[in-house]
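Peer 1: Input file: work_38.cif. Contents: mmCIF, C-alpha atoms.
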data_input
#
loop_
_atom_site.label_atom_id
_atom_site.label_comp_id
_atom_site.auth_asym_id
_atom_site.auth_seq_id
_atom_site.Cartn_x
_atom_site.Cartn_y
_atom_site.Cartn_z
CA MET A 8 40.92 -47.55 -74.84
CA ILE A 9 42.31 -50.80 -76.21
CA TRP A 10 39.83 -50.69 -79.11
CA ASN A 11 40.92 -47.17 -80.04
CA ALA A 12 44.57 -48.20 -79.75
CA LEU A 13 43.89 -51.16 -82.04
CA LEU A 14 42.23 -48.96 -84.66
CA LEU A 15 45.15 -46.51 -84.54
CA ALA A 16 47.63 -49.38 -84.87
CA LEU A 17 45.82 -50.81 -87.92
CA ARG A 18 45.65 -47.37 -89.50
CA GLU A 19 49.39 -46.85 -89.00
CA ILE A 20 50.20 -50.33 -90.39
CA ARG A 21 48.00 -49.67 -93.45
CA ARG A 22 49.70 -46.33 -93.99
CA ASN A 23 53.13 -48.03 -94.28
CA LEU A 24 52.27 -51.42 -95.77
CA LEU A 25 55.69 -52.21 -97.25
CA ARG A 26 57.54 -51.29 -94.09
CA SER A 27 55.07 -53.26 -91.98
CA PHE A 28 55.50 -56.29 -94.26
CA LEU A 29 59.28 -56.18 -94.03
CA THR A 30 59.04 -55.73 -90.28
CA THR A 31 56.89 -58.83 -89.82
CA LEU A 32 58.93 -60.90 -92.27
CA GLY A 33 61.36 -61.96 -89.56
CA ILE A 34 58.48 -63.19 -87.39
CA VAL A 35 56.88 -64.99 -90.36
CA ILE A 36 60.11 -66.81 -91.19
CA GLY A 37 60.86 -67.61 -87.55
CA ILE A 38 57.42 -69.02 -86.73
CA ALA A 39 57.26 -70.93 -90.02
CA ALA A 40 60.74 -72.41 -89.55
CA VAL A 41 60.00 -73.65 -86.02
CA ILE A 42 56.67 -75.27 -86.97
CA ILE A 43 58.08 -76.82 -90.16
CA MET A 44 61.07 -78.31 -88.37
CA VAL A 45 58.97 -79.79 -85.57
CA THR A 46 56.21 -81.07 -87.88
CA VAL A 47 58.55 -82.65 -90.42
CA GLY A 48 60.71 -84.01 -87.59
CA ASN A 49 57.66 -85.70 -86.05
CA GLY A 50 56.85 -87.19 -89.45
CA VAL A 51 60.39 -88.54 -89.82
CA THR A 52 60.22 -90.05 -86.33
CA ALA A 53 56.90 -91.74 -87.15
CA LYS A 54 58.33 -93.03 -90.44
CA VAL A 55 61.36 -94.52 -88.71
CA THR A 56 59.13 -96.16 -86.10
CA GLU A 57 56.94 -97.60 -88.86
CA GLN A 58 59.96 -98.94 -90.73
CA ILE A 59 61.31 -100.63 -87.61
CA ALA A 60 57.87 -102.09 -86.87
CA SER A 61 57.75 -103.54 -90.40
CA LEU A 62 60.71 -105.77 -89.50
CA GLY A 63 58.55 -107.55 -86.94
CA SER A 64 57.30 -106.99 -83.42
CA ASN A 65 59.38 -108.08 -80.40
CA LEU A 66 62.01 -109.32 -82.81
CA LEU A 67 65.62 -110.31 -82.19
CA ILE A 68 67.86 -110.61 -85.24
CA VAL A 69 70.85 -112.92 -84.69
CA ARG A 70 73.63 -112.72 -87.28
CA SER A 71 76.93 -114.53 -87.50
CA GLY A 72 80.14 -112.56 -87.40
CA ALA A 73 81.07 -109.55 -85.33
CA ARG A 74 81.51 -105.93 -86.23
CA GLY A 75 85.09 -105.24 -87.23
CA MET A 76 86.05 -108.92 -87.73
CA SER A 77 88.47 -109.49 -90.59
CA THR A 78 88.04 -113.28 -90.57
CA PRO A 79 85.05 -114.95 -92.25
CA ALA A 80 82.01 -115.33 -90.02
CA ARG A 81 81.24 -118.80 -88.66
CA PRO A 82 77.66 -119.59 -89.69
CA PHE A 83 74.96 -121.07 -87.50
CA SER A 84 73.71 -124.64 -87.78
CA ALA A 85 70.33 -126.30 -87.63
CA ASN A 86 71.31 -127.57 -84.18
CA ASP A 87 71.69 -123.96 -82.94
CA VAL A 88 68.13 -123.24 -84.00
CA LYS A 89 66.91 -126.46 -82.37
CA VAL A 90 68.62 -125.69 -79.07
CA ILE A 91 67.22 -122.15 -78.96
CA ASN A 92 63.73 -123.56 -79.51
CA GLN A 93 64.17 -126.13 -76.76
CA GLU A 94 66.04 -124.18 -74.10
CA ILE A 95 64.44 -120.73 -74.21
CA SER A 96 60.82 -120.08 -73.29
CA HIS A 97 58.36 -117.33 -74.20
CA LEU A 98 59.26 -117.48 -77.89
CA ASN A 99 56.72 -117.13 -80.67
CA VAL A 100 58.85 -118.48 -83.51
CA VAL A 101 62.53 -119.10 -84.26
CA ALA A 102 63.08 -118.64 -87.98
CA PRO A 103 66.41 -119.57 -89.61
CA SER A 104 67.31 -118.09 -92.97
CA SER A 105 70.19 -117.61 -95.38
CA SER A 106 70.53 -115.08 -98.17
CA LYS A 107 72.60 -114.60 -101.28
CA SER A 108 72.58 -112.09 -104.10
CA GLY A 109 71.56 -113.44 -107.47
CA THR A 110 69.96 -112.66 -110.79
CA VAL A 111 66.40 -113.61 -111.61
CA VAL A 112 65.19 -113.88 -115.21
CA PHE A 113 61.67 -113.86 -116.68
CA GLY A 114 61.24 -113.71 -120.43
CA ASN A 115 63.58 -111.04 -121.75
CA LYS A 116 63.84 -109.25 -118.40
CA ASN A 117 66.36 -109.81 -115.63
CA TRP A 118 66.83 -108.31 -112.20
CA ALA A 119 69.52 -108.52 -109.53
CA THR A 120 67.94 -109.26 -106.17
CA SER A 121 68.36 -111.04 -102.85
CA ILE A 122 67.51 -114.76 -102.73
CA THR A 123 66.56 -116.01 -99.28
CA GLY A 124 66.09 -119.56 -98.08
CA ALA A 125 63.58 -119.83 -95.24
CA LEU A 126 60.74 -121.72 -93.61
CA ASN A 127 57.14 -120.55 -93.25
CA ASN A 128 57.83 -119.16 -89.77
CA TYR A 129 60.06 -116.58 -91.47
CA PHE A 130 56.91 -114.78 -92.62
CA VAL A 131 55.56 -114.72 -89.06
CA ALA A 132 58.80 -113.44 -87.54
CA GLY A 133 59.36 -110.84 -90.27
CA ASN A 134 55.78 -109.57 -90.16
CA TRP A 135 55.20 -110.46 -93.83
CA VAL A 136 51.71 -110.52 -95.31
CA MET A 137 50.78 -112.57 -98.37
CA GLN A 138 49.17 -110.37 -101.03
CA GLU A 139 48.47 -113.24 -103.41
CA GLY A 140 49.05 -116.97 -103.42
CA ARG A 141 50.18 -119.13 -100.52
CA GLU A 142 53.09 -120.11 -98.32
CA PHE A 143 55.21 -123.23 -98.86
CA SER A 144 53.57 -126.61 -98.30
CA GLU A 145 55.13 -129.16 -95.96
CA GLY A 146 56.01 -131.30 -98.96
CA GLU A 147 57.83 -128.43 -100.67
CA LEU A 148 59.81 -127.67 -97.52
CA ARG A 149 60.82 -131.31 -96.94
CA ALA A 150 61.69 -132.04 -100.57
CA GLY A 151 63.38 -128.72 -101.26
CA THR A 152 61.14 -127.99 -104.23
CA MET A 153 62.07 -124.96 -106.31
CA SER A 154 58.99 -122.91 -105.48
CA CYS A 155 59.32 -119.23 -104.70
CA ILE A 156 57.51 -116.29 -103.18
CA ILE A 157 58.53 -112.91 -104.57
CA GLY A 158 58.55 -109.39 -103.18
CA ASN A 159 56.69 -106.45 -104.66
CA THR A 160 59.75 -104.83 -106.24
CA VAL A 161 60.69 -108.01 -108.12
CA TRP A 162 57.07 -108.33 -109.27
CA LYS A 163 57.07 -104.78 -110.67
CA GLU A 164 60.45 -105.14 -112.37
CA LEU A 165 59.81 -108.51 -114.01
CA PHE A 166 56.05 -108.75 -114.43
CA ALA A 167 55.13 -105.03 -114.69
CA GLY A 168 52.08 -105.56 -112.51
CA GLN A 169 50.76 -108.58 -114.44
CA THR A 170 49.52 -111.86 -112.96
CA VAL A 171 52.41 -113.72 -111.42
CA LEU A 172 51.05 -116.90 -109.78
CA GLY A 173 52.10 -120.06 -111.60
CA SER A 174 54.73 -118.29 -113.69
CA LYS A 175 58.16 -119.84 -114.15
CA ILE A 176 61.21 -117.71 -113.45
CA ARG A 177 64.91 -118.59 -113.55
CA LEU A 178 67.09 -118.14 -110.48
CA GLN A 179 70.62 -118.25 -111.80
CA ASN A 180 70.35 -121.51 -113.81
CA LEU A 181 67.42 -123.01 -111.91
CA SER A 182 63.75 -122.94 -112.90
CA CYS A 183 61.42 -121.84 -110.11
CA GLN A 184 57.63 -121.61 -109.97
CA VAL A 185 56.07 -118.54 -108.34
CA ILE A 186 53.45 -119.54 -105.75
CA GLY A 187 53.05 -116.29 -103.83
CA LEU A 188 53.42 -112.51 -103.87
CA LEU A 189 54.26 -110.58 -100.69
CA ALA A 190 52.48 -107.37 -99.74
CA PRO A 191 54.78 -104.32 -99.96
CA LYS A 192 56.70 -103.22 -96.87
CA GLY A 193 58.83 -100.38 -98.30
CA GLN A 194 62.30 -99.41 -97.18
CA SER A 195 63.81 -100.47 -93.90
CA ALA A 196 65.24 -97.98 -91.39
CA ILE A 197 68.68 -98.40 -92.97
CA GLY A 198 67.37 -97.62 -96.45
CA ARG A 199 67.25 -101.17 -97.85
CA ASP A 200 64.32 -102.09 -100.08
CA GLN A 201 62.62 -104.92 -98.17
CA ASP A 202 60.44 -105.78 -101.18
CA ASP A 203 63.45 -106.56 -103.38
CA THR A 204 63.58 -110.23 -102.40
CA ILE A 205 62.76 -113.76 -103.49
CA ILE A 206 62.14 -116.45 -100.87
CA ILE A 207 62.51 -120.17 -101.53
CA PRO A 208 62.38 -123.22 -99.21
CA MET A 209 65.42 -123.46 -96.93
CA ARG A 210 66.34 -126.95 -98.15
CA ALA A 211 66.17 -125.85 -101.79
CA PHE A 212 68.42 -122.88 -101.02
CA GLN A 213 70.98 -125.02 -99.19
CA ARG A 214 71.09 -127.71 -101.89
CA ARG A 215 70.74 -125.73 -105.09
CA ILE A 216 72.03 -122.20 -104.33
CA ALA A 217 74.45 -122.25 -101.37
CA GLY A 218 75.71 -125.81 -101.62
CA ASN A 219 75.98 -126.16 -97.83
CA GLN A 220 73.85 -126.49 -94.68
CA ASP A 221 74.88 -123.14 -93.20
CA ILE A 222 72.41 -120.70 -91.66
CA GLY A 223 73.33 -117.03 -91.90
CA MET A 224 70.64 -115.43 -89.76
CA ILE A 225 68.11 -116.41 -87.09
CA LEU A 226 64.98 -114.36 -86.44
CA ILE A 227 63.59 -114.80 -82.94
CA SER A 228 60.09 -113.48 -82.31
CA VAL A 229 59.35 -113.04 -78.59
CA LEU A 230 55.81 -113.34 -77.27
CA GLU A 231 54.09 -110.05 -76.47
CA GLY A 232 54.46 -108.99 -72.86
CA TYR A 233 57.86 -110.61 -72.34
CA SER A 234 61.15 -108.76 -72.15
CA THR A 235 63.31 -109.01 -75.24
CA ASP A 236 66.31 -107.96 -73.10
CA LYS A 237 66.09 -111.13 -70.98
CA VAL A 238 65.62 -113.33 -74.04
CA GLN A 239 68.58 -111.62 -75.71
CA GLN A 240 70.80 -112.40 -72.72
CA GLN A 241 69.65 -116.03 -72.70
CA VAL A 242 70.26 -116.41 -76.45
CA GLU A 243 73.71 -114.87 -76.16
CA ARG A 244 74.68 -117.16 -73.30
CA LEU A 245 73.33 -120.22 -75.11
CA LEU A 246 75.08 -119.46 -78.40
CA ARG A 247 78.38 -118.87 -76.62
CA GLU A 248 78.07 -122.36 -75.19
CA GLN A 249 77.09 -123.81 -78.57
CA ARG A 250 80.04 -122.14 -80.27
CA HIS A 251 82.47 -123.12 -77.47
CA LEU A 252 83.58 -119.58 -76.70
CA SER A 253 85.70 -119.16 -73.58
CA TYR A 254 85.19 -116.43 -71.01
CA ASN A 255 87.75 -114.12 -72.65
CA ASP A 256 86.59 -114.69 -76.22
CA GLU A 257 84.52 -112.04 -77.91
CA ASN A 258 81.23 -113.01 -79.52
CA ASP A 259 81.54 -114.13 -83.14
CA PHE A 260 77.89 -113.22 -83.61
CA PHE A 261 75.71 -110.26 -82.72
CA ILE A 262 72.09 -109.78 -81.74
CA LEU A 263 69.96 -106.82 -82.80
CA ASP A 264 66.81 -105.93 -80.87
CA THR A 265 64.34 -104.04 -83.09
CA LYS A 266 62.93 -102.25 -80.03
CA GLN A 267 66.38 -100.93 -79.14
CA ILE A 268 66.96 -99.90 -82.76
CA ALA A 269 63.62 -98.08 -82.78
CA GLU A 270 64.37 -96.31 -79.48
CA THR A 271 67.83 -95.27 -80.67
CA LEU A 272 66.69 -93.97 -84.06
CA THR A 273 63.58 -92.19 -82.76
CA GLY A 274 65.62 -90.69 -79.93
CA THR A 275 68.15 -89.39 -82.47
CA THR A 276 65.49 -87.89 -84.72
CA LYS A 277 63.80 -86.23 -81.72
CA ILE A 278 67.09 -84.66 -80.65
CA LEU A 279 67.74 -83.43 -84.18
CA THR A 280 64.20 -82.05 -84.37
CA SER A 281 64.67 -80.16 -81.10
CA LEU A 282 68.04 -78.85 -82.23
CA LEU A 283 66.71 -77.65 -85.60
CA GLY A 284 63.69 -76.11 -83.86
CA ALA A 285 65.98 -74.24 -81.47
CA VAL A 286 68.12 -72.98 -84.36
CA ALA A 287 65.01 -71.85 -86.21
CA ALA A 288 63.80 -70.06 -83.06
CA VAL A 289 66.82 -67.76 -83.30
CA SER A 290 65.16 -66.11 -86.30
CA LEU A 291 62.30 -65.13 -83.97
CA LEU A 292 64.79 -63.17 -81.92
CA VAL A 293 66.00 -61.46 -85.08
CA GLY A 294 62.40 -60.69 -86.01
CA GLY A 295 61.78 -59.18 -82.58
CA ILE A 296 64.82 -56.96 -82.91
CA GLY A 297 63.48 -55.83 -86.29
CA ILE A 298 60.15 -54.86 -84.70
CA MET A 299 61.95 -52.90 -81.99
CA ASN A 300 64.05 -51.09 -84.58
CA ILE A 301 61.06 -50.11 -86.72
CA MET A 302 59.04 -49.02 -83.69
CA LEU A 303 61.90 -46.77 -82.57
CA VAL A 304 61.97 -45.25 -86.06
CA SER A 305 58.19 -44.82 -85.88
CA VAL A 306 58.45 -43.01 -82.55
CA THR A 307 61.03 -40.62 -84.03
CA GLU A 308 58.86 -39.96 -87.12
CA ARG A 309 55.74 -39.32 -85.05
CA THR A 310 57.29 -37.22 -82.32
CA ARG A 311 55.11 -34.16 -83.12
CA GLU A 312 51.99 -36.36 -83.20
CA ILE A 313 52.89 -37.77 -79.78
CA GLY A 314 53.60 -34.28 -78.44
CA THR A 315 50.20 -33.03 -79.69
CA ARG A 316 48.36 -35.93 -78.02
CA LEU A 317 50.16 -35.35 -74.74
CA ALA A 318 49.58 -31.58 -74.92
CA ILE A 319 45.80 -31.94 -75.32
CA GLY A 320 45.50 -34.28 -72.35
CA ALA A 321 46.45 -37.80 -73.40
CA LEU A 322 47.88 -39.81 -70.56
CA GLU A 323 51.27 -41.50 -70.72
CA ARG A 324 49.69 -44.93 -70.33
CA GLU A 325 47.45 -44.22 -73.35
CA VAL A 326 50.47 -43.40 -75.54
CA LEU A 327 52.29 -46.42 -74.13
CA MET A 328 49.28 -48.62 -74.94
CA GLN A 329 49.02 -47.26 -78.48
CA PHE A 330 52.60 -48.16 -79.46
CA LEU A 331 52.57 -51.42 -77.53
CA VAL A 332 49.39 -52.55 -79.30
CA GLU A 333 50.92 -51.59 -82.63
CA ALA A 334 53.97 -53.77 -81.93
CA VAL A 335 51.80 -56.69 -80.78
CA VAL A 336 49.56 -56.42 -83.85
CA LEU A 337 52.62 -56.49 -86.12
CA SER A 338 54.05 -59.57 -84.40
CA CYS A 339 50.66 -61.36 -84.29
CA LEU A 340 50.12 -60.73 -87.99
CA GLY A 341 53.57 -62.16 -88.62
CA GLY A 342 52.71 -65.15 -86.43
CA PHE A 343 49.44 -65.78 -88.30
CA PHE A 344 51.03 -65.69 -91.74
CA GLY A 345 53.95 -67.74 -90.42
CA ILE A 346 51.58 -70.48 -89.23
CA VAL A 347 49.74 -70.54 -92.57
CA LEU A 348 53.04 -70.70 -94.46
CA ALA A 349 54.33 -73.45 -92.15
CA LEU A 350 51.27 -75.66 -92.60
CA VAL A 351 51.37 -75.39 -96.39
CA ALA A 352 55.15 -75.94 -96.52
CA SER A 353 54.97 -78.87 -94.07
CA VAL A 354 52.40 -80.68 -96.22
CA VAL A 355 54.52 -80.14 -99.36
CA ILE A 356 57.79 -81.20 -97.69
CA ALA A 357 56.23 -84.26 -96.01
CA ASP A 358 54.83 -85.37 -99.36
CA ALA A 359 58.15 -84.74 -101.12
CA ILE A 360 60.23 -86.81 -98.67
CA GLU A 361 57.44 -89.38 -98.22
CA VAL A 362 56.87 -89.05 -94.50
CA PRO A 363 53.48 -88.69 -92.76
CA PHE A 364 52.17 -85.19 -92.01
CA ILE A 365 51.75 -85.10 -88.22
CA LEU A 366 50.56 -81.73 -86.96
CA ASN A 367 51.39 -80.95 -83.35
CA LEU A 368 48.74 -78.43 -82.28
CA SER A 369 50.67 -77.60 -79.13
CA ILE A 370 53.61 -76.23 -81.15
CA VAL A 371 51.19 -74.08 -83.19
CA PHE A 372 49.68 -72.74 -79.95
CA ILE A 373 53.12 -72.10 -78.46
CA ALA A 374 54.22 -70.34 -81.65
CA SER A 375 51.14 -68.08 -81.48
CA LEU A 376 51.85 -67.16 -77.86
CA PHE A 377 55.51 -66.63 -78.68
CA SER A 378 54.73 -64.25 -81.52
CA ALA A 379 52.51 -62.17 -79.20
CA ALA A 380 55.22 -62.26 -76.51
CA VAL A 381 57.79 -61.00 -79.01
CA GLY A 382 55.57 -58.00 -79.74
CA ILE A 383 55.16 -57.21 -76.06
CA VAL A 384 58.82 -57.67 -75.11
CA PHE A 385 60.37 -55.86 -78.07
CA GLY A 386 57.63 -53.27 -78.36
CA TYR A 387 57.70 -52.16 -74.74
CA PHE A 388 60.90 -50.12 -74.90
CA PRO A 389 59.88 -47.99 -77.93
CA ALA A 390 56.39 -47.57 -76.42
CA ARG A 391 57.84 -46.41 -73.10
CA ARG A 392 60.14 -44.01 -74.90
CA ALA A 393 57.14 -42.53 -76.73
CA ALA A 394 55.13 -42.20 -73.52
CA ARG A 395 57.93 -40.36 -71.71
CA LEU A 396 58.45 -37.69 -74.33
CA ASP A 397 58.24 -34.10 -73.06
CA PRO A 398 55.23 -32.52 -74.86
CA ILE A 399 56.98 -29.17 -75.31
CA GLU A 400 60.14 -30.70 -76.75
CA ALA A 401 58.05 -33.03 -78.92
CA LEU A 402 56.08 -30.11 -80.42
CA ARG A 403 59.34 -28.33 -81.28
CA HIS A 404 60.60 -31.43 -83.11
CA GLU A 405 61.05 -31.00 -86.87
#
What is this file in structure tokens?

Peer 2:
Amino acid sequence: MIWNALLLALREIRRNLLRSFLTTLGIVIGIAAVIIMVTVGNGVTAKVTEQIASLGSNLLIVRSGARGMSTPARPFSANDVKVINQEISHLNVVAPSSSKSGTVVFGNKNWATSITGALNNYFVAGNWVMQEGREFSEGELRAGTMSCIIGNTVWKELFAGQTVLGSKIRLQNLSCQVIGLLAPKGQSAIGRDQDDTIIIPMRAFQRRIAGNQDIGMILISVLEGYSTDKVQQQVERLLREQRHLSYNDENDFFILDTKQIAETLTGTTKILTSLLGAVAAVSLLVGGIGIMNIMLVSVTERTREIGTRLAIGALEREVLMQFLVEAVVLSCLGGFFGIVLALVASVVIADAIEVPFILNLSIVFIASLFSAAVGIVFGYFPARRAARLDPIEALRHE
């Protein structure tokens, strides 16, 4: 019986191809929208997680100043770094650094970038990988030699992909020899280009660029397996003592935990993905209403056909099955084409916004079930109406 009902449904759909296409369009759009939103949302979440991870694992970023402060921030000192190293356990590295914007010149090209003074442990804390060359030698760090390691963006802008090691560049008015090239890391979670940087020895930065011994930022890498929350509390308490802050004084520094940043951002993207998916799911409801409307029209058009079938012995459940199968076939066809459209569109969108394509098979399966459910739910009422027609009245219908 089901096979016959399926053949009749396909014949009826083929007879009115344009109407069937327009009927399923709502389902196609609804299914495609839900899958696209969830798939692209998962890709964005993965991208954000990757960007946070590129900052460094188990990393605390300590910066001077406080949000909303109008007065200049009081910088850190070398003694602050020393005390953190001595007083707090379970640390991998404690990496001080200072940064300043500046212009770098090579030949007839120049580029505005960020100049950072740091030690070799900065590369460990920041999860940096050396693509070419080497880190600073102990002699360069102690003497404050003007050697530099450049990021990938600076390399592309000044050297256009050519060999860079041993080249001399000019930082402001200072000559600097390039000894290393960093592997690319891409944008950070806040949209900053991490590769647009030049790193020189801390002592060279303090003497030649900044003109002081101040430290603007401290990167604290915590050993795997230990809580960054506890270390953050210890660092905060220690720095308050170092900076002689009383009980009522607010912190004149702040500490960022990359794990907390990752959890906050990924949580936000997941909520937005769920919200957009729910909004897109509304179009499925609209598509279901469209199927119900067309099926009611179909029942009215085929009243004499239904009356003839009932008059020659067809059972009500057979007529009910025929129209219900037709509604389910329409919705399932819409679901199939919606899934195909969603997969193609998701790949294109993910590539366009440069996020990974992460297909969640469960959402595809749920979308398939939902499309079939829409056909059953919204097709039942027209099918029941057809099955309950009075054969005599149906045969009189013009």

Peer 1: Counting all atoms listed in the file, which of A:Ile222, A:Ile186, A:Ile301, A:Leu279 gets nearest to Ala125 of chain A?

Peer 2: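 Comparing A:Ile222, A:Ile186, A:Ile301, A:Leu279 against Ala125 of chain A, the winner is A:Ile222.
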
Peer 1: What does the distance between atom CA of Tyr129 of chain A and atom CA of Glu147 of chain A come to in Å, to one decimal place?

Peer 2: 15.2 Å

Peer 1: Step by step: start from the point (60.3, -113.8, -83.3) in the file's coordinates, keep every protein, DNA or RNA residue that has an atom no farther than 8 Å from it, count only C-alpha atoms, and write the set as a PyMOL selection string.

Peer 2: chain A and resi 63-67+98-102+131-133+226-230

Peer 1: Using the chain letters and residue numbers of this document, give as a list in words the residues selected by the PyMOL selection byres ((chain A and resi 90-96) around 8).

Peer 2: Asn86, Asp87, Val88, Lys89, His97, Leu98, Val101, Val238, Gln241, Val242 and Leu245 of chain A

Peer 1: With C-alpha atoms retained, could you export that selection as a PDB file, keeping the file's coordinate frame?

Peer 2:
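Result written to result.pdb:
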ATOM      1  CA  ASN A  86      71.310-127.570 -84.180  1.00  0.00           C
ATOM      2  CA  ASP A  87      71.690-123.960 -82.940  1.00  0.00           C
ATOM      3  CA  VAL A  88      68.130-123.240 -84.000  1.00  0.00           C
ATOM      4  CA  LYS A  89      66.910-126.460 -82.370  1.00  0.00           C
ATOM      5  CA  HIS A  97      58.360-117.330 -74.200  1.00  0.00           C
ATOM      6  CA  LEU A  98      59.260-117.480 -77.890  1.00  0.00           C
ATOM      7  CA  VAL A 101      62.530-119.100 -84.260  1.00  0.00           C
ATOM      8  CA  VAL A 238      65.620-113.330 -74.040  1.00  0.00           C
ATOM      9  CA  GLN A 241      69.650-116.030 -72.700  1.00  0.00           C
ATOM     10  CA  VAL A 242      70.260-116.410 -76.450  1.00  0.00           C
ATOM     11  CA  LEU A 245      73.330-120.220 -75.110  1.00  0.00           C
TER      12      LEU A 245
END

Peer 1: Report, in Å with one decimal, the straight-line distance from atom CA of Asn159 of chain A to atom CA of Asn127 of chain A.

Peer 2: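 So the answer is 18.1 Å.
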
Peer 1: Counting all atoms listed in the file, which of A:Asn134, A:Ser375, A:Ser121, A:Thr276 gets nearest to Ile206 of chain A?

Peer 2: A:Ser121
